[in-house]
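Participant: To start, I am sharing the structure in question, which I have written as structure tokens.
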Amino acid sequence: MSADVAIQKFSFPFTCIAGHAPPGEQTQRACPQVKKLEASTVGVLEPIAIVGTLAGLKATPGARLQLGPFASAPGVRSTVLSGRGVFERLAAESEDTRPAAKRQLSSESAARTVAVVKKSAVRMEPEGVAKTGLRGAVHGKRRRRKDLFSGSEAFSRVDAHAIRAGAELKQKCVYEVKTIAQNITQEARTELERLRAIWVWLCHNIEYDVSGYLGQSKRLSSPEEVIAAGKGVCSGYASLCLEMCREVGLQCQEVPGHSKGIGHRPGQSLRDVRSDHMWNAVLLGGQWFLMDACWGAGRVDMEHKSFVKKFDDFYFLTDPEDFVESHFPDEEGWQLLEQPISREEFEMRVFKTSTFFSLGLKLIQPQHFYMLTDDGEVNLSISSSRSVTYTYDITPRHDFLHGGAAEQKETSGSSWGLMTMSHRTMRLQILPPTQGTYDVRVYARPELASTPLSWVCSFTVECPAPRAMEEIPENPFLSWGLQAGSEALGVAPGGSPGTQVMEVEEGELELTMKTSRSLMALCELVHPGLEPALAKRCLATQICPDGLTVHALCPSRGFYRLSVFVRDYDKPEVRFQNAANFLLHCKVATRVELFPPGLGSACGPGTRTLQAGLSKFSHTEALVSTQQGKCNVTFHNQQDLELHAVLGREEGQAPAVRLERHLFCTFTDSKVTVSTSLPGPGVYRLGLYARTAPGADFNFMCDFVLRSSCEQPGPPFPSTYTAWGKGCVLFEPRVGLLEPAAWVRFRVRVPGAKKVSAVGEGKVELKMNKSRVWEGDVFTGGVRQVQLAASSEDAGDMAVMLAFDIRQSEE
């Protein structure tokens, strides 16, 4: 190379750095390393300003050459250059140190006025720019990515043109860098838009060369080869970006260093390890910015040894404090940070994907990827600036970083962790089951998004000794406590249980959740040793307009998962969605009798009874306990519905008298009284049904769970017939089984009756008193049954209303 060409070619920033790899060395993963000149080869000469053009160079005495962002780095000696002899030496040395791809450039392209190419080149500061320092080209507050553009949509016009023009050029087999760069930037009006067009073209037209990286094929080096093949390794992206920026007058730099990409193992020492990656720095408006088109184009799936094309805009002009989480440059100055981090700190930091930053996540604890269990557990927590849904994977140790799936299925697939959400903060308690090393991946997505959850960060957990504990049931619904979207589903966060483990006392728990609107709910209880059929008999749910109450039974010791699913009450066509998952713990196995089979979805008074016009219930809870074995449930029937009640219990516990005889209903005006006299201790189901017209189907209203601790069997009520209707009241006797050969007092009110008689061995006419109550004494000897009958004013025939059995002797 001639001195004239060299003077023109190297009219860009030059950095003098000592102590670099010998010529010909490759990076750790065979990505070509950028070579630098030894600072000691250049002498200290008279300060001049150098301006390089195609016509030649002009030296301005007294001016000082700017030495780039590393000129003031510790241990680096600033050097001032002057004279043609220096450039002749540069020409000879740089010709060997430049990659083969650059040596193939035409002299015409090399002679263009450029701002930045290699770190081994001399650079002129742009006109009007202050002295370059360690942290940027100008002094003052550093601009962030958001100061340059609000979002990717700001480049819609430029992006569309770059993609369209790139496709047309590819179809025409145009592989010349200059032609492509000029065509794709035609719609660009600013430096930023020109750079954006180049970035988008690179990400959409160049794939990562996985086979070349693995040594299974020839690694392409020149820009033309990379363009023609449409693939290259990291240095291919960086070199091509550099050349395209050169063609459109942008100042660009290749930055070699280490990355947490392919082949990286968390915690591996990078000491004395050659760098394995390369990216770019670009000067915009007097300030350096960072970008990585290789990572912006997609990711590598090492399991299938393939490249997954996925445009990632995060790596375009990434803020330095985010970029350094995954990219560590060889030269500290290219961190572009006020307080650069050490290599050791980079090695220990938690790996975070681009999704971590795009979701606005912040790692609360830990700050380093490696966690050692304390008493068999470790904890991590992440906060977010908006509502986010999370899940996680905990697996025995294997090398997965950038080598597996970046998306996660809807379930966590592990019972070794307890994830909870509170005030936009996710907390994950990790409980490894055995001694060993575990990889932990956290996944996330926006709360209301339907897309798969994306990988956001990774950790390594070392467990010297696991905690001895009971098995935790699998939780397929992402997290414990209220789900991230529960508020949108109608569950109020303020009045609901927390996310901590809920201890169950004496085998029973009552859980209340406040709601912002009327909901329909279903519940699921899971325990490793509990059959699903029996688990259904462990739940009773009460649904009210402003809340849900769940009664859960835990008959065995250990952990239980209680999941709650809801939908809007008036939208039966909408599917139920998971709103909450609670972890229950029962320390001691308790002998509890399960709820009766066949309980409906609504227990106790609530939304359904209120909408039907049933109100003023004497018992507002779903569970009713009695020590006497008797209970009267009263309420008002404002809509004059036809009501029906049933009493049930577990099969195999049949009483001496049919169970329906232990239930007696009284209807007076709008008030309804449902009386029960239970045949023995145990748990019973009292069901209420209603219909609006005769002949129509009865609709379920609600169930009550009746618990009797009375050992003495309650007597049955008399049998009722259709003539026993609204307004009829039985005062005496209140039992349906009478003693034999005894006088029994009958007192009854029958509205509209002309005559009321008790028919046994004989017929006894009852008399009406001043209170309009029919009364009289009846002898029970010599008969098996006494019937109470009445005739109305309209009909002369007697109709049986009630039938009383006479207790028979054992003989």
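Lettering and numbering for the structure tokens are positional, with chains as A, B, ... in the shown order, residues counted from 1 in each chain, and ligands counted from 1 in the shown order.
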Would you list the contacts of A:Arg517 as a list in words, taking every protein, DNA or RNA residue within 8 Å and counting only C-alpha atoms, but skipping same-chain residues closer than 2 positions in sequence?

Facilitator: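 So the residues in contact are Gly490, Thr515, Leu519, Pro545, Asp546 and Asp568 of chain A.
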
Participant: Would you kindly return, as a ChimeraX atom specification, each protein, DNA or RNA residue with an atom no farther than 6 Å from any atom of stretch 631-646 of chain A, considering only C-alpha atoms and excluding same-chain residues fewer than 2 positions away?

Facilitator: /A:613-618,670-676,686-692

Participant: Measuring between only C-alpha atoms, which one of A:Ser625, A:Val750, A:Leu270, A:Lys587 shows the shortest distance to A:Phe667?

Facilitator: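 Closest to A:Phe667, using only C-alpha atoms: A:Val750.
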
Participant: Which residue is closest to A:Lys178? Choose from A:Lys231, A:Gly762, A:Ser156, A:Met244 and count only C-alpha atoms.

Facilitator: A:Met244

Participant: Nearest to A:Val440 among A:Val501, A:Ala521, A:Val233, A:Val350, with distances taken over only C-alpha atoms: which residue is it?

Facilitator: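 Once distances to A:Val440 are computed over only C-alpha atoms, the minimum belongs to A:Val350.
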
Participant: Taking 2 positions as the minimum chain separation for residues in the same chain, which residues sit within 7 Å of stretch 371-386 of chain A when counting only C-alpha atoms? Answer as JSON, numbers by chain.

Facilitator: {"A": [360, 361, 362, 363, 364, 365, 366, 369, 388, 424, 425, 426, 427, 428, 429, 430, 431, 432, 460, 461, 462, 463, 465, 466, 467]}

Participant: Could you check the closest approach to A:Thr541 for each of A:Val756, A:Met801, A:Cys665, A:Leu623 and tell me which residue wins, using only C-alpha atoms?

Facilitator: A:Leu623

Participant: Hey, what's within 7 Å of stretch 554-564 of chain A if we count only C-alpha atoms and toss same-chain stuff fewer than 5 positions away? As a short mmCIF file (atom, residue, chain, number, x, y, z; two decimals) with all heavy atoms, in the first residue's frame, please?

Facilitator:
data_model
loop_
_atom_site.label_atom_id
_atom_site.label_comp_id
_atom_site.auth_asym_id
_atom_site.auth_seq_id
_atom_site.Cartn_x
_atom_site.Cartn_y
_atom_site.Cartn_z
N GLU A 470 -42.46 -31.86 53.45
CA GLU A 470 -43.47 -32.63 52.75
C GLU A 470 -43.57 -32.17 51.29
O GLU A 470 -43.17 -31.06 50.95
CB GLU A 470 -44.82 -32.44 53.45
CG GLU A 470 -44.82 -33.01 54.86
CD GLU A 470 -45.60 -32.13 55.84
OE1 GLU A 470 -45.54 -30.89 55.72
OE2 GLU A 470 -46.24 -32.69 56.71
N GLU A 471 -44.13 -33.03 50.48
CA GLU A 471 -44.25 -32.74 49.06
C GLU A 471 -45.23 -31.60 48.81
O GLU A 471 -46.31 -31.55 49.40
CB GLU A 471 -44.73 -33.99 48.32
CG GLU A 471 -44.86 -33.80 46.81
CD GLU A 471 -45.38 -35.04 46.13
OE1 GLU A 471 -45.53 -36.08 46.82
OE2 GLU A 471 -45.62 -34.99 44.91
N ILE A 472 -44.82 -30.68 47.96
CA ILE A 472 -45.68 -29.56 47.59
C ILE A 472 -46.41 -29.93 46.30
O ILE A 472 -45.79 -30.37 45.34
CB ILE A 472 -44.86 -28.28 47.38
CG1 ILE A 472 -44.19 -27.88 48.69
CG2 ILE A 472 -45.73 -27.14 46.87
CD1 ILE A 472 -43.26 -26.70 48.58
N PRO A 473 -47.72 -29.78 46.26
CA PRO A 473 -48.46 -30.15 45.04
C PRO A 473 -48.07 -29.28 43.86
O PRO A 473 -47.71 -28.10 44.02
CB PRO A 473 -49.93 -29.95 45.43
CG PRO A 473 -49.89 -28.98 46.56
CD PRO A 473 -48.62 -29.26 47.30
N GLY A 507 -57.94 -29.02 60.77
CA GLY A 507 -58.39 -29.62 59.52
C GLY A 507 -59.37 -28.81 58.70
O GLY A 507 -59.93 -29.34 57.73
N GLU A 508 -59.61 -27.54 59.03
CA GLU A 508 -60.60 -26.76 58.29
C GLU A 508 -60.14 -25.31 58.15
O GLU A 508 -59.55 -24.74 59.07
CB GLU A 508 -61.95 -26.82 59.00
CG GLU A 508 -63.08 -26.14 58.23
CD GLU A 508 -64.44 -26.40 58.85
OE1 GLU A 508 -64.54 -27.32 59.69
OE2 GLU A 508 -65.39 -25.70 58.48
N ALA A 521 -67.96 -18.72 40.54
CA ALA A 521 -66.67 -19.29 40.93
C ALA A 521 -66.73 -20.81 41.00
O ALA A 521 -67.76 -21.41 41.31
CB ALA A 521 -66.24 -18.74 42.28
N LEU A 522 -65.58 -21.42 40.69
CA LEU A 522 -65.34 -22.84 40.88
C LEU A 522 -64.02 -23.00 41.61
O LEU A 522 -63.10 -22.18 41.43
CB LEU A 522 -65.29 -23.57 39.53
CG LEU A 522 -66.57 -23.62 38.70
CD1 LEU A 522 -66.30 -24.31 37.37
CD2 LEU A 522 -67.67 -24.35 39.45
N CYS A 523 -63.89 -24.04 42.42
CA CYS A 523 -62.66 -24.24 43.20
C CYS A 523 -62.13 -25.65 42.99
O CYS A 523 -62.87 -26.58 42.67
CB CYS A 523 -62.92 -23.98 44.68
SG CYS A 523 -63.41 -22.29 45.06
N GLU A 524 -60.82 -25.78 43.20
CA GLU A 524 -60.15 -27.07 43.08
C GLU A 524 -59.19 -27.22 44.24
O GLU A 524 -58.42 -26.31 44.54
CB GLU A 524 -59.40 -27.17 41.75
CG GLU A 524 -58.66 -28.48 41.55
CD GLU A 524 -57.83 -28.50 40.29
OE1 GLU A 524 -57.20 -27.47 39.97
OE2 GLU A 524 -57.79 -29.55 39.63
N LEU A 525 -59.23 -28.38 44.90
CA LEU A 525 -58.32 -28.68 46.01
C LEU A 525 -57.48 -29.89 45.62
O LEU A 525 -58.02 -30.92 45.21
CB LEU A 525 -59.11 -28.95 47.29
CG LEU A 525 -58.29 -29.10 48.57
CD1 LEU A 525 -57.66 -27.76 48.95
CD2 LEU A 525 -59.14 -29.62 49.71
N VAL A 526 -56.16 -29.75 45.76
CA VAL A 526 -55.25 -30.82 45.35
C VAL A 526 -54.31 -31.15 46.50
O VAL A 526 -53.73 -30.25 47.14
CB VAL A 526 -54.43 -30.40 44.11
CG1 VAL A 526 -53.42 -31.48 43.74
CG2 VAL A 526 -55.35 -30.12 42.93
N HIS A 527 -54.17 -32.44 46.77
CA HIS A 527 -53.23 -32.95 47.77
C HIS A 527 -52.65 -34.25 47.21
O HIS A 527 -53.38 -35.03 46.57
CB HIS A 527 -53.95 -33.21 49.10
CG HIS A 527 -53.05 -33.74 50.17
ND1 HIS A 527 -52.78 -35.09 50.33
CD2 HIS A 527 -52.36 -33.11 51.16
CE1 HIS A 527 -51.96 -35.25 51.36
NE2 HIS A 527 -51.70 -34.08 51.89
N ASN A 578 -58.34 -18.80 35.88
CA ASN A 578 -57.70 -18.92 37.19
C ASN A 578 -57.41 -17.54 37.77
O ASN A 578 -56.76 -16.71 37.15
CB ASN A 578 -56.39 -19.70 37.05
CG ASN A 578 -55.67 -19.88 38.36
OD1 ASN A 578 -54.59 -19.33 38.56
ND2 ASN A 578 -56.26 -20.63 39.28
N ALA A 579 -57.92 -17.29 38.98
CA ALA A 579 -57.74 -16.00 39.64
C ALA A 579 -56.78 -16.07 40.81
O ALA A 579 -56.15 -15.06 41.16
CB ALA A 579 -59.09 -15.45 40.11
N ALA A 580 -56.69 -17.22 41.46
CA ALA A 580 -55.83 -17.32 42.64
C ALA A 580 -55.48 -18.77 42.92
O ALA A 580 -56.24 -19.69 42.57
CB ALA A 580 -56.52 -16.70 43.85
N ASN A 581 -54.32 -18.95 43.55
CA ASN A 581 -53.87 -20.27 43.99
C ASN A 581 -53.25 -20.11 45.37
O ASN A 581 -52.32 -19.31 45.53
CB ASN A 581 -52.84 -20.86 43.01
CG ASN A 581 -53.36 -20.90 41.59
OD1 ASN A 581 -54.16 -21.76 41.25
ND2 ASN A 581 -52.93 -19.97 40.76
N PHE A 582 -53.77 -20.82 46.33
CA PHE A 582 -53.30 -20.68 47.70
C PHE A 582 -52.67 -21.99 48.16
O PHE A 582 -53.17 -23.08 47.88
CB PHE A 582 -54.45 -20.29 48.63
CG PHE A 582 -55.13 -19.01 48.23
CD1 PHE A 582 -56.35 -19.03 47.57
CD2 PHE A 582 -54.53 -17.79 48.49
CE1 PHE A 582 -56.97 -17.86 47.19
CE2 PHE A 582 -55.15 -16.60 48.11
CZ PHE A 582 -56.37 -16.64 47.46
N LEU A 583 -51.57 -21.85 48.87
CA LEU A 583 -50.87 -23.01 49.41
C LEU A 583 -51.28 -23.17 50.88
O LEU A 583 -51.02 -22.31 51.71
CB LEU A 583 -49.36 -22.84 49.32
CG LEU A 583 -48.53 -24.06 49.70
CD1 LEU A 583 -48.81 -25.22 48.76
CD2 LEU A 583 -47.04 -23.72 49.68
N LEU A 584 -51.97 -24.28 51.17
CA LEU A 584 -52.43 -24.58 52.52
C LEU A 584 -51.53 -25.65 53.14
O LEU A 584 -51.04 -26.53 52.44
CB LEU A 584 -53.88 -25.08 52.49
CG LEU A 584 -54.88 -24.35 51.60
CD1 LEU A 584 -56.27 -24.96 51.76
CD2 LEU A 584 -54.91 -22.86 51.91
N HIS A 585 -51.34 -25.54 54.43
CA HIS A 585 -50.51 -26.54 55.11
C HIS A 585 -51.22 -27.02 56.37
O HIS A 585 -51.62 -26.22 57.22
CB HIS A 585 -49.14 -25.96 55.49
CG HIS A 585 -48.24 -26.97 56.13
ND1 HIS A 585 -47.70 -26.83 57.38
CD2 HIS A 585 -47.80 -28.18 55.67
CE1 HIS A 585 -46.97 -27.88 57.68
NE2 HIS A 585 -47.01 -28.72 56.65
N CYS A 586 -51.39 -28.33 56.46
CA CYS A 586 -52.03 -28.95 57.62
C CYS A 586 -50.95 -29.73 58.38
O CYS A 586 -50.40 -30.70 57.86
CB CYS A 586 -53.15 -29.88 57.17
SG CYS A 586 -54.05 -30.66 58.52
N LYS A 587 -50.62 -29.27 59.58
CA LYS A 587 -49.54 -29.88 60.33
C LYS A 587 -49.92 -31.23 60.91
O LYS A 587 -49.10 -32.13 61.02
CB LYS A 587 -49.09 -28.95 61.46
CG LYS A 587 -48.41 -27.66 60.98
CD LYS A 587 -47.95 -26.82 62.15
CE LYS A 587 -47.24 -25.56 61.67
NZ LYS A 587 -46.80 -24.72 62.81
N VAL A 588 -51.18 -31.36 61.34
CA VAL A 588 -51.63 -32.57 62.01
C VAL A 588 -52.87 -33.12 61.31
O VAL A 588 -53.80 -32.37 60.99
CB VAL A 588 -51.95 -32.29 63.49
CG1 VAL A 588 -52.40 -33.58 64.19
CG2 VAL A 588 -50.74 -31.69 64.20
N ALA A 589 -52.86 -34.41 61.03
CA ALA A 589 -54.03 -35.05 60.44
C ALA A 589 -55.19 -35.00 61.44
O ALA A 589 -55.04 -35.37 62.60
CB ALA A 589 -53.72 -36.49 60.06
N THR A 590 -56.34 -34.50 60.99
CA THR A 590 -57.50 -34.33 61.86
C THR A 590 -58.66 -35.16 61.33
O THR A 590 -58.90 -35.20 60.11
CB THR A 590 -57.90 -32.84 61.92
OG1 THR A 590 -56.76 -32.06 62.28
CG2 THR A 590 -58.99 -32.63 62.94
N ARG A 591 -59.38 -35.78 62.24
CA ARG A 591 -60.53 -36.58 61.82
C ARG A 591 -61.70 -35.64 61.57
O ARG A 591 -62.39 -35.20 62.51
CB ARG A 591 -60.87 -37.60 62.91
CG ARG A 591 -61.92 -38.61 62.46
CD ARG A 591 -62.13 -39.66 63.55
NE ARG A 591 -63.12 -40.63 63.15
CZ ARG A 591 -62.88 -41.70 62.41
NH1 ARG A 591 -61.65 -41.92 61.99
NH2 ARG A 591 -63.84 -42.54 62.08
N VAL A 592 -61.91 -35.28 60.33
CA VAL A 592 -63.02 -34.41 59.95
C VAL A 592 -63.94 -35.16 59.01
O VAL A 592 -63.49 -35.94 58.16
CB VAL A 592 -62.51 -33.11 59.27
CG1 VAL A 592 -61.74 -32.27 60.25
CG2 VAL A 592 -61.67 -33.42 58.04
#

Participant: Just to confirm, what's the straight-line distance from atom CA of A:Asp292 to atom CA of A:Phe323 in Å (one decimal)?

Facilitator: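 That distance, rounded to one decimal, is 9.4 Å.
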
Participant: Tell me, as an NGL selection string, which residues lie within 12 Å of A:Lys755, counting only C-alpha atoms; anything in the same chain fewer than 4 positions away does not count.

Facilitator: :A and (748-751 or 764-768 or 772-775 or 788-800)

Participant: Using the chain letters and numbers from this document, which residues of stretch 526-766 of chain A does DSSP assign to helix (DSSP H, G or I), as a list in words?

Facilitator: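 Listing helix (DSSP H, G or I) positions across stretch 526-766 of chain A yields Pro532, Ala533, Leu534, Ala535, Lys536, Thr607, Arg608, Thr609, Leu610, Gln611, Leu659, Glu660, Arg661 and His662 of chain A.
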
Participant: Go ahead and save the residues from that selection, with C-alpha atoms, as a PDB file, in the first residue's frame.

Facilitator:
ATOM      1  CA  PRO A 532     -60.149 -36.125  43.125  1.00  0.00           C
ATOM      2  CA  ALA A 533     -63.611 -37.486  44.006  1.00  0.00           C
ATOM      3  CA  LEU A 534     -62.951 -37.043  47.714  1.00  0.00           C
ATOM      4  CA  ALA A 535     -61.306 -33.656  47.124  1.00  0.00           C
ATOM      5  CA  LYS A 536     -64.628 -32.357  45.759  1.00  0.00           C
ATOM      6  CA  THR A 607     -76.036 -13.788  44.369  1.00  0.00           C
ATOM      7  CA  ARG A 608     -78.343 -16.497  43.023  1.00  0.00           C
ATOM      8  CA  THR A 609     -80.906 -16.313  45.863  1.00  0.00           C
ATOM      9  CA  LEU A 610     -80.812 -12.514  45.822  1.00  0.00           C
ATOM     10  CA  GLN A 611     -81.585 -12.366  42.110  1.00  0.00           C
ATOM     11  CA  LEU A 659     -84.879 -38.802  55.130  1.00  0.00           C
ATOM     12  CA  GLU A 660     -87.491 -36.478  53.601  1.00  0.00           C
ATOM     13  CA  ARG A 661     -89.649 -37.052  56.723  1.00  0.00           C
ATOM     14  CA  HIS A 662     -86.999 -35.145  58.713  1.00  0.00           C
TER      15      HIS A 662
END

Participant: Report as number ranges by chain: the residues of stretch 493-693 of chain A with a DSSP assignment of strand (DSSP E or B), based on the backbone of this structure.

Facilitator: A: 502-503, 505, 508-515, 519-526, 539-544, 547-553, 558-568, 577-586, 603, 614-615, 623-626, 630-637, 642-648, 663-668, 671-677, 682-691

Participant: What is the distance, in Å and to one decimal place, between atom CA of A:Cys728 and atom CA of A:Ser771?

Facilitator: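 It comes out at 13.8 Å.
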
Participant: Give me the residues near A:Gly151 as a compact mmCIF listing (two decimals) with C-alpha atoms, in the first residue's frame, where near means some atom within 12 Å (using only C-alpha atoms) and where sequence neighbours in that chain fewer than 6 positions away do not count.

Facilitator:
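So the final result, stored in part10.txt, reads:
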# COMPACT_ATOMS: atom_id res chain seq x y z
CA ARG A 145 -31.85 5.71 23.82
CA ASP A 313 -34.84 -4.12 18.56
CA PHE A 314 -33.40 -3.97 22.07
CA PHE A 316 -30.16 -1.11 18.64
CA LEU A 317 -28.46 1.77 20.51
CA SER A 358 -38.32 -4.28 27.57
